[in-house]
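Inspection log for the structure reproduced underneath, given as structure tokens.
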Amino acid sequence: MTWYLIRRLGQSIAVVIGVMILTFLLLHLEPGSVARSVLGLKSTPARVAIFDSLYGLNKPLYQQFGIYVKQLFQGNLGISYQLQEPVASLIGQRLPRDAILLGLSTLLALVIGVPTGIYQALKHNQLADDLLAGSWFTLYSAPDFMEALLLIALLCVQFHVLPPAFPGGVTSVSGLFANWPALVLPVTVLAINSVAGFSQYVRSTALQALAEDYIRVARAKGLPERLVLTRHVLRNSLLPVITILGLALPDIVAGAVIAESIFNFPGMGLLFWQSALAHDFPVMLGGTLIIGVATVVGNLAADVAYSSLDPRIRYGRA
């Protein structure tokens, strides 16, 4: 197990470095002038030259990358071109809000998806199973922005039940809960896409568990069906959910760009969107690095959780 984790850690570090290099190259090779995006299209050539010199954008690409790596080792993610604030500070302010948004949506998806998957397994090849699977996959395949706009049109415009977006000026977690009605729609939109994945993974694993001999033995001993489902079927059905939750950690870091942009949620997704429009490279690079690290941590956490839940898994012998 120890050697497996060491090997995986080395692979993960290589992946993060590769993602960092690739992202840096792609961002700096995209068309458009950073200086004119920040200063405005009517900025003079002199102001553009000063801006490029100040941020080192007039240097060769390899020198820019060397400066970026040096800053990283110093714990500096750079300064936002547009907001003139440290990137680490901008990301740190928004991460707790994204954790609330993605945490609530994931919890809602689990509360709905796991029982639904178990129910579908019990109703395998029946009408209820087909209807639920079709409904969830239909919602899963629909684009996020379409679901968001439909909910806004229905609940905000037609019935005036919920606000369509967050008010400006929300800068804290307490501010999110102070405006809790505005949380309902983004949480719902993000949960819809997760429910289908959770329910179908749980359904598939539950079907395999229900066909195992130990389930027949438990039932033959007279164990109540409720205990059979909770002690045996549910425990084994949660293994794929652990993997999905581990891989969902980058979503907590990055936020949901589309949902946050539509609902004006003050998180990483909205920051990414605004930074992409303004060619704000330091913010985009810093966010991408955080996402890469979160992906690594999420995968390792899922592996450790797998071995804890299922003693049959022995990575040390792999």
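FYI, nothing fancy with the structure tokens labels: chains A, B, ... in order, residues from 1 per chain, ligands from 1 as they appear.
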
Would you tabulate, counting only C-alpha atoms, all residues of range 129-212 of chain A that have an atom at most 6 Å from an atom of range 222-238 of chain A, showing the closest pair of atoms and their distance in Å to one decimal, sorted by chain then ascending number, as JSON lines?
```
{"residue": "A:Val202", "atom": "CA", "partner": "A:Ser237", "partner_atom": "CA", "distance": 5.1}
{"residue": "A:Thr205", "atom": "CA", "partner": "A:Ser237", "partner_atom": "CA", "distance": 5.0}
{"residue": "A:Ala206", "atom": "CA", "partner": "A:Ser237", "partner_atom": "CA", "distance": 5.3}
{"residue": "A:Ala209", "atom": "CA", "partner": "A:Val233", "partner_atom": "CA", "distance": 5.8}
```

Please save N, CA and C atoms of the selected residues as a tab-separated table (two decimals), in the first residue's frame.
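Everything below was put into result_23.tsv:
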```tsv
chain	number	residue	atom	x	y	z
A	202	VAL	N	-24.99	3.32	-8.39
A	202	VAL	CA	-25.51	2.55	-7.25
A	202	VAL	C	-26.41	1.43	-7.74
A	205	THR	N	-24.19	-1.47	-9.10
A	205	THR	CA	-23.50	-2.21	-8.04
A	205	THR	C	-24.49	-2.97	-7.16
A	206	ALA	N	-25.66	-2.37	-6.91
A	206	ALA	CA	-26.67	-3.04	-6.09
A	206	ALA	C	-27.19	-4.30	-6.79
A	209	ALA	N	-24.69	-6.91	-6.14
A	209	ALA	CA	-24.73	-7.36	-4.75
A	209	ALA	C	-25.94	-8.25	-4.49
```

Tell me which protein, DNA and RNA residues are within 10 Å of Ile79 in chain A, counting only C-alpha atoms, leaving out same-chain ones fewer than 5 positions away, and put them as number ranges by chain.
A: 55, 84-90, 280-283, 286

Expected file: the selected residues, N, CA and C atoms, as a CSV table (one decimal), in the first residue's frame:
```
chain,number,residue,atom,x,y,z
A,55,TYR,N,4.8,43.5,-16.7
A,55,TYR,CA,4.5,42.1,-16.4
A,55,TYR,C,5.3,41.1,-17.2
A,84,GLN,N,-5.8,43.7,-9.9
A,84,GLN,CA,-4.6,44.2,-9.2
A,84,GLN,C,-4.6,43.7,-7.7
A,85,GLU,N,-4.9,42.4,-7.6
A,85,GLU,CA,-4.9,41.7,-6.3
A,85,GLU,C,-4.1,40.4,-6.4
A,86,PRO,N,-3.5,39.9,-5.4
A,86,PRO,CA,-2.8,38.6,-5.4
A,86,PRO,C,-3.8,37.5,-5.8
A,87,VAL,N,-3.4,36.7,-6.7
A,87,VAL,CA,-4.2,35.6,-7.2
A,87,VAL,C,-4.5,34.6,-6.1
A,88,ALA,N,-3.6,34.4,-5.2
A,88,ALA,CA,-3.8,33.5,-4.1
A,88,ALA,C,-4.9,34.0,-3.2
A,89,SER,N,-5.0,35.3,-3.0
A,89,SER,CA,-6.0,35.9,-2.2
A,89,SER,C,-7.4,35.8,-2.9
A,90,LEU,N,-7.4,36.1,-4.2
A,90,LEU,CA,-8.7,36.0,-4.9
A,90,LEU,C,-9.2,34.5,-4.8
A,280,ASP,N,-6.9,37.5,-18.3
A,280,ASP,CA,-6.1,37.6,-17.0
A,280,ASP,C,-5.4,36.3,-16.8
A,281,PHE,N,-4.2,36.2,-17.4
A,281,PHE,CA,-3.4,34.9,-17.3
A,281,PHE,C,-3.1,34.4,-15.9
A,282,PRO,N,-2.6,35.3,-15.0
A,282,PRO,CA,-2.3,34.8,-13.6
A,282,PRO,C,-3.4,34.2,-12.9
A,283,VAL,N,-4.6,34.7,-13.0
A,283,VAL,CA,-5.8,34.1,-12.4
A,283,VAL,C,-6.1,32.7,-13.0
A,286,GLY,N,-3.3,30.2,-12.1
A,286,GLY,CA,-3.3,29.9,-10.6
A,286,GLY,C,-4.5,28.9,-10.4
```

I'd like the contact shell of range 28-39 of chain A - 6 Å cut-off, only C-alpha atoms, skipping same-chain residues fewer than 2 positions apart - returned as a short mmCIF file (atom, residue, chain, number, x, y, z; two decimals) with all heavy atoms, in the first residue's frame.
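Output below, filename out_4.cif:
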```
data_model
loop_
_atom_site.label_atom_id
_atom_site.label_comp_id
_atom_site.auth_asym_id
_atom_site.auth_seq_id
_atom_site.Cartn_x
_atom_site.Cartn_y
_atom_site.Cartn_z
N LEU A 25 1.27 27.27 -22.05
CA LEU A 25 1.50 27.45 -23.48
C LEU A 25 0.22 27.83 -24.21
O LEU A 25 0.20 28.75 -25.04
CB LEU A 25 2.09 26.17 -24.07
CG LEU A 25 3.51 25.81 -23.62
CD1 LEU A 25 3.91 24.46 -24.19
CD2 LEU A 25 4.50 26.88 -24.04
N LEU A 26 -0.86 27.13 -23.91
CA LEU A 26 -2.12 27.39 -24.62
C LEU A 26 -2.64 28.80 -24.34
O LEU A 26 -3.11 29.49 -25.24
CB LEU A 26 -3.17 26.36 -24.22
CG LEU A 26 -2.94 24.93 -24.71
CD1 LEU A 26 -4.01 23.99 -24.17
CD2 LEU A 26 -2.93 24.88 -26.24
N LEU A 41 -9.39 48.99 -25.71
CA LEU A 41 -8.99 48.97 -27.11
C LEU A 41 -8.39 50.29 -27.58
O LEU A 41 -7.66 50.32 -28.56
CB LEU A 41 -10.21 48.61 -27.99
CG LEU A 41 -10.80 47.21 -27.77
CD1 LEU A 41 -12.03 47.02 -28.63
CD2 LEU A 41 -9.76 46.13 -28.07
N SER A 43 -6.32 52.16 -25.89
CA SER A 43 -5.07 52.47 -25.20
C SER A 43 -3.96 52.74 -26.20
O SER A 43 -3.90 52.14 -27.27
CB SER A 43 -4.67 51.32 -24.27
OG SER A 43 -4.57 50.11 -25.00
N VAL A 48 0.56 50.36 -23.82
CA VAL A 48 0.63 48.92 -24.05
C VAL A 48 2.06 48.42 -23.81
O VAL A 48 2.27 47.37 -23.19
CB VAL A 48 0.16 48.57 -25.47
CG1 VAL A 48 0.46 47.11 -25.80
CG2 VAL A 48 -1.32 48.86 -25.64
N GLN A 82 -6.28 42.41 -14.06
CA GLN A 82 -7.50 43.20 -14.07
C GLN A 82 -7.85 43.77 -12.70
O GLN A 82 -8.21 44.93 -12.58
CB GLN A 82 -8.66 42.34 -14.58
CG GLN A 82 -9.97 43.11 -14.77
CD GLN A 82 -11.07 42.19 -15.28
OE1 GLN A 82 -11.08 41.01 -14.99
NE2 GLN A 82 -12.01 42.75 -16.04
N ALA A 278 -11.09 38.66 -19.93
CA ALA A 278 -10.12 39.75 -19.81
C ALA A 278 -8.69 39.32 -20.09
O ALA A 278 -7.77 40.12 -19.90
CB ALA A 278 -10.21 40.35 -18.40
N HIS A 279 -8.48 38.05 -20.50
CA HIS A 279 -7.13 37.54 -20.73
C HIS A 279 -6.26 37.69 -19.47
O HIS A 279 -5.07 38.00 -19.55
CB HIS A 279 -6.44 38.27 -21.90
CG HIS A 279 -7.01 37.92 -23.23
ND1 HIS A 279 -8.23 38.38 -23.66
CD2 HIS A 279 -6.52 37.17 -24.25
CE1 HIS A 279 -8.47 37.93 -24.88
NE2 HIS A 279 -7.46 37.19 -25.26
#
```

Leu289 in chain A: which residues within 9 Å, counting only C-alpha atoms, same-chain residues fewer than 6 positions away excluded, as a list in words?
Val16, Ile17, Val19 and Met20 of chain A

Could you save those same residues with N, CA and C atoms as a PDB file, in the first residue's frame?
```pdb
ATOM      1  N   VAL A  16       0.513  17.043 -12.716  1.00  0.00           N
ATOM      2  CA  VAL A  16       0.325  18.456 -12.381  1.00  0.00           C
ATOM      3  C   VAL A  16       1.304  19.326 -13.164  1.00  0.00           C
ATOM      4  N   ILE A  17       2.557  18.883 -13.250  1.00  0.00           N
ATOM      5  CA  ILE A  17       3.561  19.647 -14.008  1.00  0.00           C
ATOM      6  C   ILE A  17       3.179  19.714 -15.483  1.00  0.00           C
ATOM      7  N   VAL A  19       0.176  19.448 -16.822  1.00  0.00           N
ATOM      8  CA  VAL A  19      -0.992  20.319 -16.981  1.00  0.00           C
ATOM      9  C   VAL A  19      -0.576  21.784 -16.894  1.00  0.00           C
ATOM     10  N   MET A  20       0.328  22.088 -15.978  1.00  0.00           N
ATOM     11  CA  MET A  20       0.783  23.465 -15.809  1.00  0.00           C
ATOM     12  C   MET A  20       1.492  23.966 -17.066  1.00  0.00           C
TER      13      MET A  20
END
```

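In this model, the gap between CA of Asn179 in chain A and CA of Asn264 in chain A comes to 12.4 Å.
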
Find the residue from A:Gln200, A:Thr106, A:Asn76, A:Thr188 that sits nearest to Ala133 in chain A; use only C-alpha atoms when measuring.
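Comparing A:Gln200, A:Thr106, A:Asn76, A:Thr188 against Ala133 in chain A, the winner is A:Gln200.
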
Extract the full set of helix (DSSP H, G or I) residues from range 67-117 of chain A according to DSSP on the backbone, and format it as a ChimeraX atom specification.
/A:67-73,87-117

Nearest to Gly287 in chain A: which of A:Ser80, A:Gln11, A:Thr138, A:Asn193 is it, counting only C-alpha atoms?
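Among A:Ser80, A:Gln11, A:Thr138, A:Asn193, it is A:Ser80 that comes nearest to Gly287 in chain A.
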